[in-house]
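Scroll down for the structure; my scribbles are underneath it.
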Amino acid sequence: MHSLQGVTQTEQNKILGMSTLAFTACFAVWTIFSIIGVKIKSDLGLSDTQFGLLAGTPILTGSLSRIFLGIWTDQYGGRIVYVLTMLAAAAATFALSYATSYEMMLLAALGVGLAGGSFAVGVAYVSKWYPKEKQGTALGIFGAGNVGAAVTKFVAPFVMVAFGWTMVAQVWAAVLVVIALLFWFTTEDDPDLRERRKQGAKAKSAFLQLEPLKNLQVWRFSIYYFFVFGAFVALALWLPRYLVGVYELDIKSAGMIAALYSIPASIFRAYGGHLSDKYGARAIMYWTFGISLLATFMLSYPDTDYVIHGIKGPITFSTSLGLAPFVILIFVLGFVMSLGKAAVYKHIPVYYPDHVGAVGGLVGMIGGLGGFVLPIAFGALLDLTGVWTSCFMLLFGVVGVSLAWMHFSVRQMEKAALAKELGDLPELPEMQPIHEKEKHASLAGVIEDWHPDDEAFWQEKGRKIAQRNLWISIPALLLAFSVWMVWSVVVAKLPSIGFDYTTDQLFWLAALPGLSGATLRIFYSFMVPIFGGRLWTTISTASLLIPAFGIGYAVQNPETPYLIFLVLALLCGLGGGNFASSMANIAYFFPKSEKGNALALNAGLGNLGVSVMQFLVPIVISTGAFAFAVGEGQMASDGSMLWLQNAGFIWVPFLIVSTIAAWWGMNDIASARASFAEQSVIFSRFHNWIMCILYTGTFGSFIGYSAGFPLLMKTQFPDVNVLSYAFLGPLVGALSRAGTGWMADRFGGGRVTFWTFLCMIIAVWGVLQFLPDGGQGGSFWGFFACFMALFFLTGVGNASTFQMIPSIMRLEVPRLMPQLEGEARVRQAERESAAIIAFTSAIAAYGAFFIPKAYGTSISMTGGPELALWGFLVFYVVCLVLTFIFYTRRGGLLHGVERQAGTGSSTVPAQ
């Protein structure tokens, strides 16, 4: 429904003008902490990370509320929702002026954030007054209300200097109330709402409003907006702090200059809407990302001194970005961001005219979350690296990923539209004279005919091929885990050889490989069907040589900058990403009757890499047998010699051998090939997200405990030689996973998972009982025994949750895709199972970051890890409840098949 009958241009102009004015006021309130936050930081003595959290908290509320406010706008009308949103934000802003502690300010900031949620209301409200050919321009003009950030930066510093920051909050709240009342008395309900009331029709339910969100296209738009809007908000908040710190300006001057960024990033949004209507949103997005990539690269380059050892002596020169070129680059960046913001929202009312509120709300929410996450990341990066331009380095990465995703998506659409024509072309133009499609279309190592569930085929040739691929995959995955988790040992030794890092910095080094590994798994999840398991295993294994060599060289010099170690820690995450692609690849090779055991062997023996590393590295770093090849050792604080570089170099020859074996010994399965779009159907599968939670409880715990266990033991029991015991936990977890896969096949994955979480709750409670209190008391052996039980249980749960996924999808695909039959149905279930296995492993791998970081945060806040452990216990309770409700209770999805004798994969009816 989108009726514009009887709507005059005067009404359109009035609605657009008032909506833009209201959004300008809301945006001024939403970014209020960009100015008053600097004074609050000084008054309360906040760290950069705390300042980032305070400035980002309103952005969080404004982001998360957008999707709900957008839906309510479609249901109840933008006029009433807009006014109520402004009044609620005004009340919270006024209350902020009476906050006296950091905690109270954070609470008030949550309410202030509702002002940012008004964007979703305005988009849905304004779009209903214009035809689609003018919506780009109209929404561009409305979005120019972002200029409210510049209003705050221009006016707030003067009010704050004259009357204090509390007056700024009170004045901004009063203005917002006045505009809310003015909006109510000068606007009217949108045409769609009036037509619906006239017909007596009900609004669509929230569930139906959310239906388009299953489309990957919506999420791709969201990532674009994460940069063009989220980064805009983040920089609007961060620039005054940046200018004061880098160029030593006063707050008034910093606010004025920051406005030179906010103004073009706001008012030119209207022009971006016009250009999108005229030339197309895609072209504008290419220009936006291309120029932003160049600008952020230049802004990210820190002041650097160079010394070149020339023939006639040292040649020195420096690079530095002065204030004037910085302002010019910021102006350019803000300008192209404004065009991009309009271009993103040009798509929404055209593609989803009946779901503008929900889709616009989601896109706005993800973009707004960028405004929350990025300021915190800016502060954390500054605390960690001490490099001011690290914020622009992060933005360079974000825009690079956005541009790459957009370009590959466009290319994929072009290939789909021209499939036949492109299929007739050779891979390289030089091959055109000799190209014969029938002879050159297939790749080496590709198996065209693969049906392992055929018993005769499996016995005759399938088993041999599958086993060969499995036993090449296992050592490659073992090495990947070894490199991924090597920091868990290295960080424990860095202080003893002269690296002066704080406990929090050491926990960051232990946690970052988990963060990058988990993030990479999301992308690695979809790589095997796109590139093939053989090629991708080869590339991903070879990539581990980079951090292996890097660690070997970096640890030899105590003067190595902390930033280098941060980069190496992130690169170790390449090993973590390998798990997702490895598991997806092996899942294709085995029949359903052996899939659970094959996955358990691949994952369990691959997980063994953590234990192998924690056992082997302490041995090799204590010997100088390889000193002739790897360099001299380092004197430790206790007088002993260490060769810490061996922790990296030891893996190099094995990685080379494994890379060669993968290339020459593995295969690709043609039927497993699928585009990202074909695999992305899993994002609309409800059970994909439930299994993400459950696997986070099992594998996330295993890998997180593995990463944090050595350092946790060291902090709680400093008299214990932790490296003598650290490897035992991952060893127990890996072996239990490899050896208990049969339990899930025999008793059912859901049942085993349920009892695993129950026992994990008990084990965590046991750990809490044996911890020292204030450095006194405690029992190391009780603590150690409970952790061994936890490691064992995570292994059992890892195997059982992965056994559940193929069983779930063989039951769900016939229901979700009834048009498929026979082999097509089986193939779809296998494809989705492999993608879900890989994707859940990606989400769960964030445990390698959050668990060590939770320990560090808990210790810094309370003096002990108890707070973190209680949080883990509560999470296991949630996992237990989810397993029972959805899978094991009477009527649960797996209850019927798991109650039969011989349950598991073999009990699921063949499709």
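Residues in the structure tokens are numbered from 1 in each chain, the chains being A, B, ... in the order shown, and ligands are numbered from 1 in the order shown.
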- Item | Nearby residues (only C-alpha atoms) at most 12 Å from Gln12 in chain A, same-chain spacing under 4 positions excluded, as number ranges by chain | A: 4, 6-8, 16-19, 125-131, 134-135, 138, 142, 187-191
- Item | Top pick for closest residue to Gln505 in chain A, considering A:Ala92, A:Ala476, A:Met809, A:Leu384 and counting only C-alpha atoms |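 Nearest to Gln505 in chain A: A:Leu384.
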- Message: Could you list, as a list of chain:residue names, every residue within 12 Å of Thr502 in chain A, counting only C-alpha atoms and ignoring same-chain residues fewer than 3 positions away?
- Response: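 Answer for this query is A:Asp383, A:Leu384, A:Val491, A:Ala492, A:Leu494, A:Pro495, A:Phe499, A:Gln505, A:Leu506, A:Phe507, A:Trp508, A:Leu509, A:Tyr562, A:Gly856, A:Ser860.
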- Among range 660-803 of chain A, which ones does DSSP place in alpha helix (DSSP H), written as a VMD selection string? chain A and resid 660 to 665 676 to 679 686 to 695 701 to 716 728 to 739 741 to 747 749 to 770 780 to 803
- Note on the structure: Residue with the minimum atom-to-atom distance to Ala466 in chain A, picked from A:Leu728, A:Leu712, A:Leu60, A:Ile447 with only C-alpha atoms counted, is A:Ile447
- Message: Quick one: residues within 9 Å of range 293-297 of chain A, only C-alpha atoms, excluding same-chain residues fewer than 5 positions away - as a list in words?
- Response: Thr288, Leu329, Ile330, Val332, Leu333, Phe392, Met393, Leu394, Leu395, Phe396, Gly397, Val399, Gly400 and Leu403 of chain A
- Students should find that CA of Asp453 in chain A and CA of Tyr588 in chain A are spaced 11.0 Å
- Message: When you look at Tyr271 in chain A with a cut-off of 12 Å (counting only C-alpha atoms), what residues show up, excluding the ones that are within fewer than 6 positions of it in the same chain? I need them as a VMD selection string.
- Response: chain A and resid 136 to 144 264 to 265 277 to 279 284 335 to 343
- Query: For the atom pair CA of Ile257 in chain A and CA of Tyr345 in chain A, what is the interatomic distance in Å to one decimal place?
  - Reply: 27.9 Å
- Query: Leaving out Gln828 in chain A and any residue of its chain fewer than 5 positions from it, which residues lie within 9 Å of it when counting only C-alpha atoms, given as a list in words?
  - Reply: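 Final neighbour list, sorted by chain and number: Met809, Arg810, Val813, Leu820, Glu823 and Ser833 of chain A.
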- Write out as a list in words which residues come within 9 Å of Val528 in chain A when counting only C-alpha atoms, dropping same-chain ones fewer than 4 positions away.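 Selected residues are Tyr524, Gly532, Gly533, Arg534, Leu535, Trp536, Thr537, Ser581, Ser582, Ala584, Asn585, Asp668, Ala672, Arg673 and Ala674 of chain A.
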Take the residues just selected and output them with C-alpha atoms as a CSV table (one decimal), in the first residue's frame.
chain,number,residue,atom,x,y,z
A,524,TYR,CA,36.2,-19.0,5.7
A,532,GLY,CA,37.2,-25.8,-3.7
A,533,GLY,CA,38.6,-27.6,-0.6
A,534,ARG,CA,42.0,-28.5,-2.2
A,535,LEU,CA,42.9,-25.0,-3.3
A,536,TRP,CA,41.6,-23.3,-0.1
A,537,THR,CA,43.3,-25.8,2.2
A,581,SER,CA,36.7,-24.3,6.0
A,582,SER,CA,38.3,-27.6,7.1
A,584,ALA,CA,32.9,-27.7,5.8
A,585,ASN,CA,35.3,-29.5,3.4
A,668,ASP,CA,37.5,-30.9,-4.9
A,672,ALA,CA,29.9,-29.2,-3.4
A,673,ARG,CA,30.5,-26.0,-5.5
A,674,ALA,CA,28.1,-23.2,-4.6
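Of the residues listed (A:Ile35, A:Leu816, A:Ile761, A:Leu110), A:Ile35 shows the shortest atom-to-atom separation from Met160 in chain A; distances use only C-alpha atoms.
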- Task: Considering only C-alpha atoms, state which residue in the set A:Ile859, A:Arg79, A:Gly704, A:Ala518 is at the smallest distance from Arg194 in chain A.
- Result: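 Closest candidate: A:Arg79.
With distances restricted to only C-alpha atoms, A:Trp643 is the closest residue to Ser622 in chain A from A:Phe709, A:Trp643, A:Phe757, A:Phe717.
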